[in-house]
Amino acid sequence: MGAGRRNEPFMSPRKSLFVKLGVILAPFAVSAALYPLLDPFRVICGYDRWPPESHDVALNRDFVSTEKFLHEGKPMGYDSFVLGSSRSEALLCSDWKAYLPDSKPYHFDASSESLFGIHGKVRLLDELGSPVKHALLVIDNDVVQFTRDQDGHLFIKHPRVSRGSRLKFQAEFFKAYMSDGFWLTYLPKAAGIDRPSGPLRENDPRAFEVDPVTNDVRFTDLDRRLAADPDAFYRERSEKFRDRETENRIKGSTPIGDESRAMLREIRDILQRRGADVHVIINPHYDQAPFNPQNLEYLQELFGKDRVFDFSGVNEFTAEMRNFYDPSHYRPVVGREILRRVYGR
């Protein structure tokens, strides 16, 4: 018998490498292919109601507020607007309406709202020809400094607000989906296998409710905890409400620049042209940082001294920890008193 042939390898090293890479990359490819179908952040598909079911995923509040207004603004007849960050959520439209006879208020807020975002929303109202009877501009040191769109899927502006690239907007959400193992935890939830339970985090979508008419956000879970045992609520958060530091009180020392001033002027001009009754509210913060005095003077020049209400710095609201959910977000009980002071006269 002749010598047997040498055994051939099952596959070449190169083919073996490609197979291994395929096995490794297949889950990523499948998850990427599923992304537009699952639409976890609710930014791709159209929805009949806003906000849509979120599957326990935090949504971009700017996108939700804008989509809701674009879909429902005309049929609902909204004509009065609260414009601000999540801190403005203490100023409920349901409370504001008591001072606005025959008006339909809408809470047009966004997470970490900026002057760029408020400016974009006012331009959008003008572009759509929306009636604007009343406007509350709810601002603070943080809001007035930012004149550019932000990165990050929770903070980037709706393209109708930013007038920016829709592709860049969608890319932020896809990046978030594929980053930090998000898709690994989301896919079981989407399949109903791993529904979260236990204590709710404060940014968990199940921890708050959105009013289907006014778009007000109510922190129902926090309110339940406060009602049950306010002492325990603040004891658990004592670390957040630690002693105020001197540097926090002067963090608003930077005057706004030319770009911020130009945006504020255009906001004023558009709202004036639309005949809006405008009030500016400067948020209270537990850190008692005062609003920059030069910026305050500029706002008073633009809108009128009797139209600008400064609740920053040291006052009865910021002195009391129990006026806040956390050091940045004051409660509706404070919002109601602010509205009374602004409109009660």
# chains A, B, ... in the order shown; residues from 1 in each chain; ligands from 1

$ residues_around --residues "segment 85-92 of chain A" --least-positions-apart "4" --cutoff "8 Å" --atoms "only C-alpha atoms" --output "MDAnalysis selection string"
chainID A and resid 96 107 109:114 138:139 143 216:218 283 328:336 339

$ write_last_selection --atoms "C-alpha atoms" --output "short mmCIF file (atom, residue, chain, number, x, y, z; two decimals), in the first residue's frame"
data_model
loop_
_atom_site.label_atom_id
_atom_site.label_comp_id
_atom_site.auth_asym_id
_atom_site.auth_seq_id
_atom_site.Cartn_x
_atom_site.Cartn_y
_atom_site.Cartn_z
CA TRP A 96 -51.11 78.42 35.83
CA HIS A 107 -45.66 72.73 29.05
CA ASP A 109 -39.98 71.89 28.42
CA ALA A 110 -36.87 69.76 27.92
CA SER A 111 -34.32 68.02 30.12
CA SER A 112 -31.30 70.28 30.70
CA GLU A 113 -32.98 72.93 28.59
CA SER A 114 -30.77 75.70 27.23
CA VAL A 138 -38.28 79.79 33.21
CA ILE A 139 -34.52 80.21 33.37
CA VAL A 143 -30.01 77.88 30.97
CA ASP A 216 -47.13 68.57 32.75
CA VAL A 217 -44.83 66.10 34.50
CA ARG A 218 -45.89 64.96 37.96
CA ASN A 283 -35.56 79.47 39.36
CA SER A 328 -31.93 71.44 41.78
CA HIS A 329 -35.65 70.68 41.52
CA TYR A 330 -38.18 72.54 43.61
CA ARG A 331 -41.62 71.15 44.32
CA PRO A 332 -45.04 72.21 42.94
CA VAL A 333 -45.93 73.73 46.31
CA VAL A 334 -43.20 76.31 45.61
CA GLY A 335 -44.33 76.63 42.00
CA ARG A 336 -47.84 77.53 43.13
CA LEU A 339 -47.30 81.83 40.31
#

$ residues_around --residues "segment 148-154 of chain A" --least-positions-apart "3" --cutoff "9 Å" --atoms "only C-alpha atoms" --output "PyMOL selection string"
chain A and resi 41+58-63+111-112+114-117+157+162+164+169-176

$ residues_around --residues "segment 261-272 of chain A" --least-positions-apart "4" --cutoff "12 Å" --atoms "only C-alpha atoms" --output "mmCIF file with C-alpha atoms, in the first residue's frame"
data_model
loop_
_atom_site.group_PDB
_atom_site.id
_atom_site.type_symbol
_atom_site.label_atom_id
_atom_site.label_comp_id
_atom_site.auth_asym_id
_atom_site.auth_seq_id
_atom_site.Cartn_x
_atom_site.Cartn_y
_atom_site.Cartn_z
ATOM 1 C CA ASP A 79 -51.969 79.208 23.043
ATOM 2 C CA SER A 80 -49.875 79.630 26.226
ATOM 3 C CA PHE A 81 -46.488 78.049 26.927
ATOM 4 C CA LEU A 83 -40.618 77.164 28.370
ATOM 5 C CA SER A 114 -30.767 75.701 27.231
ATOM 6 C CA LEU A 115 -31.243 79.153 25.793
ATOM 7 C CA PHE A 116 -30.608 77.474 22.433
ATOM 8 C CA GLY A 117 -33.608 75.190 23.041
ATOM 9 C CA ILE A 118 -35.975 77.930 24.230
ATOM 10 C CA HIS A 119 -34.940 80.105 21.278
ATOM 11 C CA GLY A 120 -35.572 77.194 18.886
ATOM 12 C CA LYS A 121 -39.019 76.507 20.353
ATOM 13 C CA VAL A 122 -40.061 80.161 20.136
ATOM 14 C CA ARG A 123 -38.928 80.212 16.493
ATOM 15 C CA LEU A 124 -40.912 77.018 15.869
ATOM 16 C CA LEU A 125 -44.073 78.552 17.369
ATOM 17 C CA ASP A 126 -43.567 81.535 15.074
ATOM 18 C CA GLU A 127 -42.885 79.350 12.036
ATOM 19 C CA GLY A 129 -48.127 80.492 13.179
ATOM 20 C CA SER A 130 -49.181 79.260 16.609
ATOM 21 C CA PRO A 131 -51.133 81.714 18.781
ATOM 22 C CA VAL A 132 -49.107 82.779 21.831
ATOM 23 C CA LYS A 133 -51.242 84.606 24.367
ATOM 24 C CA HIS A 134 -48.964 83.973 27.346
ATOM 25 C CA ALA A 135 -45.398 82.768 27.810
ATOM 26 C CA LEU A 136 -43.461 81.846 30.924
ATOM 27 C CA LEU A 137 -39.696 81.849 30.330
ATOM 28 C CA ILE A 139 -34.524 80.211 33.374
ATOM 29 C CA VAL A 143 -30.012 77.878 30.970
ATOM 30 C CA VAL A 144 -28.764 81.248 29.714
ATOM 31 C CA GLN A 145 -25.162 80.169 29.122
ATOM 32 C CA PHE A 146 -25.765 77.505 26.455
ATOM 33 C CA THR A 147 -26.223 78.667 22.877
ATOM 34 C CA ARG A 148 -25.397 75.422 21.050
ATOM 35 C CA PRO A 255 -22.049 87.447 32.297
ATOM 36 C CA ILE A 256 -23.772 86.128 29.181
ATOM 37 C CA GLY A 257 -22.082 86.771 25.855
ATOM 38 C CA ALA A 276 -47.710 87.475 24.027
ATOM 39 C CA ASP A 277 -47.955 88.433 27.672
ATOM 40 C CA VAL A 278 -44.454 87.397 28.818
ATOM 41 C CA HIS A 279 -43.101 86.765 32.302
ATOM 42 C CA VAL A 280 -39.576 85.639 33.129
ATOM 43 C CA GLN A 294 -25.590 91.879 34.944
ATOM 44 C CA ASN A 295 -27.708 89.203 33.287
ATOM 45 C CA LEU A 296 -30.648 90.151 35.481
ATOM 46 C CA GLU A 297 -30.302 93.797 34.453
ATOM 47 C CA TYR A 298 -30.223 92.816 30.785
ATOM 48 C CA LEU A 299 -33.398 90.723 31.149
ATOM 49 C CA GLN A 300 -35.125 93.644 32.866
ATOM 50 C CA GLU A 301 -34.132 95.955 30.009
ATOM 51 C CA LEU A 302 -35.524 93.496 27.451
ATOM 52 C CA PHE A 303 -38.767 92.417 29.098
ATOM 53 C CA GLY A 304 -39.396 95.135 31.688
ATOM 54 C CA ARG A 307 -41.938 91.176 34.116
#

$ select_by_dssp --residues "segment 97-299 of chain A" --states "strand (DSSP E)" --output "list in words"
Pro105, Tyr106, His107, His134, Ala135, Leu136, Leu137, Val138, Ile139, Glu209, Val210, Val217, Arg218, Asp277, Val278, His279, Val280, Ile281 and Ile282 of chain A

$ atom_distance --atom1 "atom CA of Tyr78 of chain A" --atom2 "atom CA of Ala98 of chain A"
15.4 Å

$ select_by_dssp --residues "segment 56-155 of chain A" --states "helix (DSSP H, G or I)" --output "PyMOL selection string"
chain A and resi 61-76+86-90+93-99+115-127+141-145

$ atom_distance --atom1 "atom CA of Arg49 of chain A" --atom2 "atom CA of Pro75 of chain A"
13.4 Å

$ atom_distance --atom1 "atom CA of Asp231 of chain A" --atom2 "atom CA of Asp56 of chain A"
28.9 Å

$ decode --residues "segment 59-109 of chain A" --atoms "N, CA and C atoms" --output "PDB file, in the first residue's frame"
ATOM      1  N   LEU A  59     -36.957  58.632  27.801  1.00  0.00           N
ATOM      2  CA  LEU A  59     -37.063  59.246  26.482  1.00  0.00           C
ATOM      3  C   LEU A  59     -36.472  60.650  26.498  1.00  0.00           C
ATOM      4  N   ASN A  60     -36.173  61.150  25.315  1.00  0.00           N
ATOM      5  CA  ASN A  60     -35.692  62.518  25.162  1.00  0.00           C
ATOM      6  C   ASN A  60     -36.883  63.456  25.343  1.00  0.00           C
ATOM      7  N   ARG A  61     -36.877  64.212  26.434  1.00  0.00           N
ATOM      8  CA  ARG A  61     -38.030  65.042  26.770  1.00  0.00           C
ATOM      9  C   ARG A  61     -38.246  66.142  25.732  1.00  0.00           C
ATOM     10  N   ASP A  62     -37.177  66.677  25.165  1.00  0.00           N
ATOM     11  CA  ASP A  62     -37.323  67.696  24.134  1.00  0.00           C
ATOM     12  C   ASP A  62     -38.065  67.129  22.925  1.00  0.00           C
ATOM     13  N   PHE A  63     -37.695  65.908  22.527  1.00  0.00           N
ATOM     14  CA  PHE A  63     -38.343  65.273  21.387  1.00  0.00           C
ATOM     15  C   PHE A  63     -39.811  64.999  21.679  1.00  0.00           C
ATOM     16  N   VAL A  64     -40.102  64.478  22.883  1.00  0.00           N
ATOM     17  CA  VAL A  64     -41.481  64.164  23.250  1.00  0.00           C
ATOM     18  C   VAL A  64     -42.330  65.433  23.267  1.00  0.00           C
ATOM     19  N   SER A  65     -41.839  66.484  23.925  1.00  0.00           N
ATOM     20  CA  SER A  65     -42.600  67.730  24.014  1.00  0.00           C
ATOM     21  C   SER A  65     -42.866  68.315  22.635  1.00  0.00           C
ATOM     22  N   THR A  66     -41.853  68.251  21.764  1.00  0.00           N
ATOM     23  CA  THR A  66     -41.995  68.840  20.425  1.00  0.00           C
ATOM     24  C   THR A  66     -42.927  68.001  19.561  1.00  0.00           C
ATOM     25  N   GLU A  67     -42.765  66.666  19.591  1.00  0.00           N
ATOM     26  CA  GLU A  67     -43.643  65.803  18.794  1.00  0.00           C
ATOM     27  C   GLU A  67     -45.094  65.930  19.241  1.00  0.00           C
ATOM     28  N   LYS A  68     -45.301  65.976  20.540  1.00  0.00           N
ATOM     29  CA  LYS A  68     -46.667  66.118  21.058  1.00  0.00           C
ATOM     30  C   LYS A  68     -47.282  67.417  20.556  1.00  0.00           C
ATOM     31  N   PHE A  69     -46.489  68.494  20.587  1.00  0.00           N
ATOM     32  CA  PHE A  69     -47.018  69.772  20.121  1.00  0.00           C
ATOM     33  C   PHE A  69     -47.279  69.743  18.612  1.00  0.00           C
ATOM     34  N   LEU A  70     -46.368  69.163  17.837  1.00  0.00           N
ATOM     35  CA  LEU A  70     -46.556  69.102  16.388  1.00  0.00           C
ATOM     36  C   LEU A  70     -47.791  68.289  16.025  1.00  0.00           C
ATOM     37  N   HIS A  71     -48.062  67.212  16.782  1.00  0.00           N
ATOM     38  CA  HIS A  71     -49.212  66.352  16.493  1.00  0.00           C
ATOM     39  C   HIS A  71     -50.518  66.935  17.018  1.00  0.00           C
ATOM     40  N   GLU A  72     -50.458  67.561  18.180  1.00  0.00           N
ATOM     41  CA  GLU A  72     -51.692  67.911  18.885  1.00  0.00           C
ATOM     42  C   GLU A  72     -51.905  69.406  19.086  1.00  0.00           C
ATOM     43  N   GLY A  73     -50.903  70.214  18.747  1.00  0.00           N
ATOM     44  CA  GLY A  73     -50.990  71.648  19.019  1.00  0.00           C
ATOM     45  C   GLY A  73     -52.197  72.320  18.389  1.00  0.00           C
ATOM     46  N   LYS A  74     -52.419  72.047  17.115  1.00  0.00           N
ATOM     47  CA  LYS A  74     -53.537  72.700  16.421  1.00  0.00           C
ATOM     48  C   LYS A  74     -54.885  72.178  16.902  1.00  0.00           C
ATOM     49  N   PRO A  75     -55.102  70.854  16.936  1.00  0.00           N
ATOM     50  CA  PRO A  75     -56.414  70.387  17.405  1.00  0.00           C
ATOM     51  C   PRO A  75     -56.705  70.734  18.867  1.00  0.00           C
ATOM     52  N   MET A  76     -55.658  70.794  19.711  1.00  0.00           N
ATOM     53  CA  MET A  76     -55.876  71.109  21.117  1.00  0.00           C
ATOM     54  C   MET A  76     -56.008  72.613  21.344  1.00  0.00           C
ATOM     55  N   GLY A  77     -55.539  73.415  20.391  1.00  0.00           N
ATOM     56  CA  GLY A  77     -55.664  74.859  20.519  1.00  0.00           C
ATOM     57  C   GLY A  77     -54.748  75.485  21.559  1.00  0.00           C
ATOM     58  N   TYR A  78     -53.553  74.909  21.748  1.00  0.00           N
ATOM     59  CA  TYR A  78     -52.621  75.483  22.717  1.00  0.00           C
ATOM     60  C   TYR A  78     -52.277  76.921  22.331  1.00  0.00           C
ATOM     61  N   ASP A  79     -52.276  77.807  23.335  1.00  0.00           N
ATOM     62  CA  ASP A  79     -51.969  79.208  23.043  1.00  0.00           C
ATOM     63  C   ASP A  79     -51.132  79.873  24.136  1.00  0.00           C
ATOM     64  N   SER A  80     -50.691  79.091  25.141  1.00  0.00           N
ATOM     65  CA  SER A  80     -49.875  79.630  26.226  1.00  0.00           C
ATOM     66  C   SER A  80     -48.832  78.582  26.592  1.00  0.00           C
ATOM     67  N   PHE A  81     -47.586  79.013  26.865  1.00  0.00           N
ATOM     68  CA  PHE A  81     -46.488  78.049  26.927  1.00  0.00           C
ATOM     69  C   PHE A  81     -45.552  78.316  28.099  1.00  0.00           C
ATOM     70  N   VAL A  82     -45.230  77.224  28.812  1.00  0.00           N
ATOM     71  CA  VAL A  82     -44.148  77.236  29.801  1.00  0.00           C
ATOM     72  C   VAL A  82     -42.906  76.718  29.087  1.00  0.00           C
ATOM     73  N   LEU A  83     -41.857  77.526  29.064  1.00  0.00           N
ATOM     74  CA  LEU A  83     -40.618  77.164  28.370  1.00  0.00           C
ATOM     75  C   LEU A  83     -39.482  77.138  29.380  1.00  0.00           C
ATOM     76  N   GLY A  84     -38.870  75.962  29.568  1.00  0.00           N
ATOM     77  CA  GLY A  84     -37.785  75.861  30.529  1.00  0.00           C
ATOM     78  C   GLY A  84     -37.284  74.437  30.648  1.00  0.00           C
ATOM     79  N   SER A  85     -36.419  74.226  31.612  1.00  0.00           N
ATOM     80  CA  SER A  85     -35.833  72.909  31.840  1.00  0.00           C
ATOM     81  C   SER A  85     -36.745  72.082  32.746  1.00  0.00           C
ATOM     82  N   SER A  86     -36.239  70.940  33.208  1.00  0.00           N
ATOM     83  CA  SER A  86     -37.030  70.101  34.107  1.00  0.00           C
ATOM     84  C   SER A  86     -37.357  70.833  35.406  1.00  0.00           C
ATOM     85  N   ARG A  87     -36.594  71.872  35.728  1.00  0.00           N
ATOM     86  CA  ARG A  87     -36.917  72.657  36.933  1.00  0.00           C
ATOM     87  C   ARG A  87     -38.248  73.390  36.782  1.00  0.00           C
ATOM     88  N   SER A  88     -38.632  73.680  35.539  1.00  0.00           N
ATOM     89  CA  SER A  88     -39.900  74.381  35.309  1.00  0.00           C
ATOM     90  C   SER A  88     -41.096  73.485  35.582  1.00  0.00           C
ATOM     91  N   GLU A  89     -40.862  72.175  35.763  1.00  0.00           N
ATOM     92  CA  GLU A  89     -41.980  71.249  35.943  1.00  0.00           C
ATOM     93  C   GLU A  89     -42.738  71.488  37.250  1.00  0.00           C
ATOM     94  N   ALA A  90     -42.142  72.271  38.156  1.00  0.00           N
ATOM     95  CA  ALA A  90     -42.861  72.653  39.381  1.00  0.00           C
ATOM     96  C   ALA A  90     -43.959  73.669  39.085  1.00  0.00           C
ATOM     97  N   LEU A  91     -43.880  74.323  37.939  1.00  0.00           N
ATOM     98  CA  LEU A  91     -44.881  75.314  37.533  1.00  0.00           C
ATOM     99  C   LEU A  91     -45.901  74.614  36.644  1.00  0.00           C
ATOM    100  N   LEU A  92     -46.865  74.006  37.257  1.00  0.00           N
ATOM    101  CA  LEU A  92     -47.825  73.186  36.534  1.00  0.00           C
ATOM    102  C   LEU A  92     -48.818  74.045  35.752  1.00  0.00           C
ATOM    103  N   CYS A  93     -49.095  73.616  34.526  1.00  0.00           N
ATOM    104  CA  CYS A  93     -50.114  74.306  33.723  1.00  0.00           C
ATOM    105  C   CYS A  93     -51.473  74.272  34.408  1.00  0.00           C
ATOM    106  N   SER A  94     -51.728  73.202  35.141  1.00  0.00           N
ATOM    107  CA  SER A  94     -53.005  73.098  35.844  1.00  0.00           C
ATOM    108  C   SER A  94     -53.132  74.184  36.909  1.00  0.00           C
ATOM    109  N   ASP A  95     -52.008  74.647  37.480  1.00  0.00           N
ATOM    110  CA  ASP A  95     -52.026  75.769  38.420  1.00  0.00           C
ATOM    111  C   ASP A  95     -52.014  77.104  37.677  1.00  0.00           C
ATOM    112  N   TRP A  96     -51.238  77.172  36.605  1.00  0.00           N
ATOM    113  CA  TRP A  96     -51.107  78.417  35.828  1.00  0.00           C
ATOM    114  C   TRP A  96     -52.449  78.819  35.217  1.00  0.00           C
ATOM    115  N   LYS A  97     -53.222  77.825  34.821  1.00  0.00           N
ATOM    116  CA  LYS A  97     -54.488  78.091  34.128  1.00  0.00           C
ATOM    117  C   LYS A  97     -55.445  78.930  34.967  1.00  0.00           C
ATOM    118  N   ALA A  98     -55.311  78.869  36.283  1.00  0.00           N
ATOM    119  CA  ALA A  98     -56.183  79.661  37.156  1.00  0.00           C
ATOM    120  C   ALA A  98     -56.008  81.162  36.920  1.00  0.00           C
ATOM    121  N   TYR A  99     -54.839  81.558  36.387  1.00  0.00           N
ATOM    122  CA  TYR A  99     -54.570  82.974  36.126  1.00  0.00           C
ATOM    123  C   TYR A  99     -54.761  83.337  34.651  1.00  0.00           C
ATOM    124  N   LEU A 100     -55.151  82.353  33.840  1.00  0.00           N
ATOM    125  CA  LEU A 100     -55.257  82.563  32.390  1.00  0.00           C
ATOM    126  C   LEU A 100     -56.665  82.232  31.913  1.00  0.00           C
ATOM    127  N   PRO A 101     -57.603  83.123  32.061  1.00  0.00           N
ATOM    128  CA  PRO A 101     -58.962  82.811  31.583  1.00  0.00           C
ATOM    129  C   PRO A 101     -58.976  82.583  30.074  1.00  0.00           C
ATOM    130  N   ASP A 102     -59.705  81.562  29.660  1.00  0.00           N
ATOM    131  CA  ASP A 102     -59.885  81.258  28.231  1.00  0.00           C
ATOM    132  C   ASP A 102     -58.578  80.953  27.515  1.00  0.00           C
ATOM    133  N   SER A 103     -57.616  80.331  28.203  1.00  0.00           N
ATOM    134  CA  SER A 103     -56.357  79.955  27.560  1.00  0.00           C
ATOM    135  C   SER A 103     -56.132  78.455  27.665  1.00  0.00           C
ATOM    136  N   LYS A 104     -55.325  77.925  26.743  1.00  0.00           N
ATOM    137  CA  LYS A 104     -54.983  76.499  26.715  1.00  0.00           C
ATOM    138  C   LYS A 104     -53.464  76.366  26.896  1.00  0.00           C
ATOM    139  N   PRO A 105     -52.999  76.217  28.141  1.00  0.00           N
ATOM    140  CA  PRO A 105     -51.551  76.177  28.371  1.00  0.00           C
ATOM    141  C   PRO A 105     -50.918  74.834  28.021  1.00  0.00           C
ATOM    142  N   TYR A 106     -49.637  74.909  27.662  1.00  0.00           N
ATOM    143  CA  TYR A 106     -48.865  73.720  27.274  1.00  0.00           C
ATOM    144  C   TYR A 106     -47.469  73.835  27.883  1.00  0.00           C
ATOM    145  N   HIS A 107     -46.997  72.731  28.456  1.00  0.00           N
ATOM    146  CA  HIS A 107     -45.662  72.727  29.054  1.00  0.00           C
ATOM    147  C   HIS A 107     -44.651  72.276  28.000  1.00  0.00           C
ATOM    148  N   PHE A 108     -43.911  73.214  27.469  1.00  0.00           N
ATOM    149  CA  PHE A 108     -42.992  72.962  26.348  1.00  0.00           C
ATOM    150  C   PHE A 108     -41.568  72.938  26.893  1.00  0.00           C
ATOM    151  N   ASP A 109     -41.265  71.945  27.732  1.00  0.00           N
ATOM    152  CA  ASP A 109     -39.982  71.894  28.424  1.00  0.00           C
ATOM    153  C   ASP A 109     -39.069  70.829  27.829  1.00  0.00           C
TER     154      ASP A 109
END
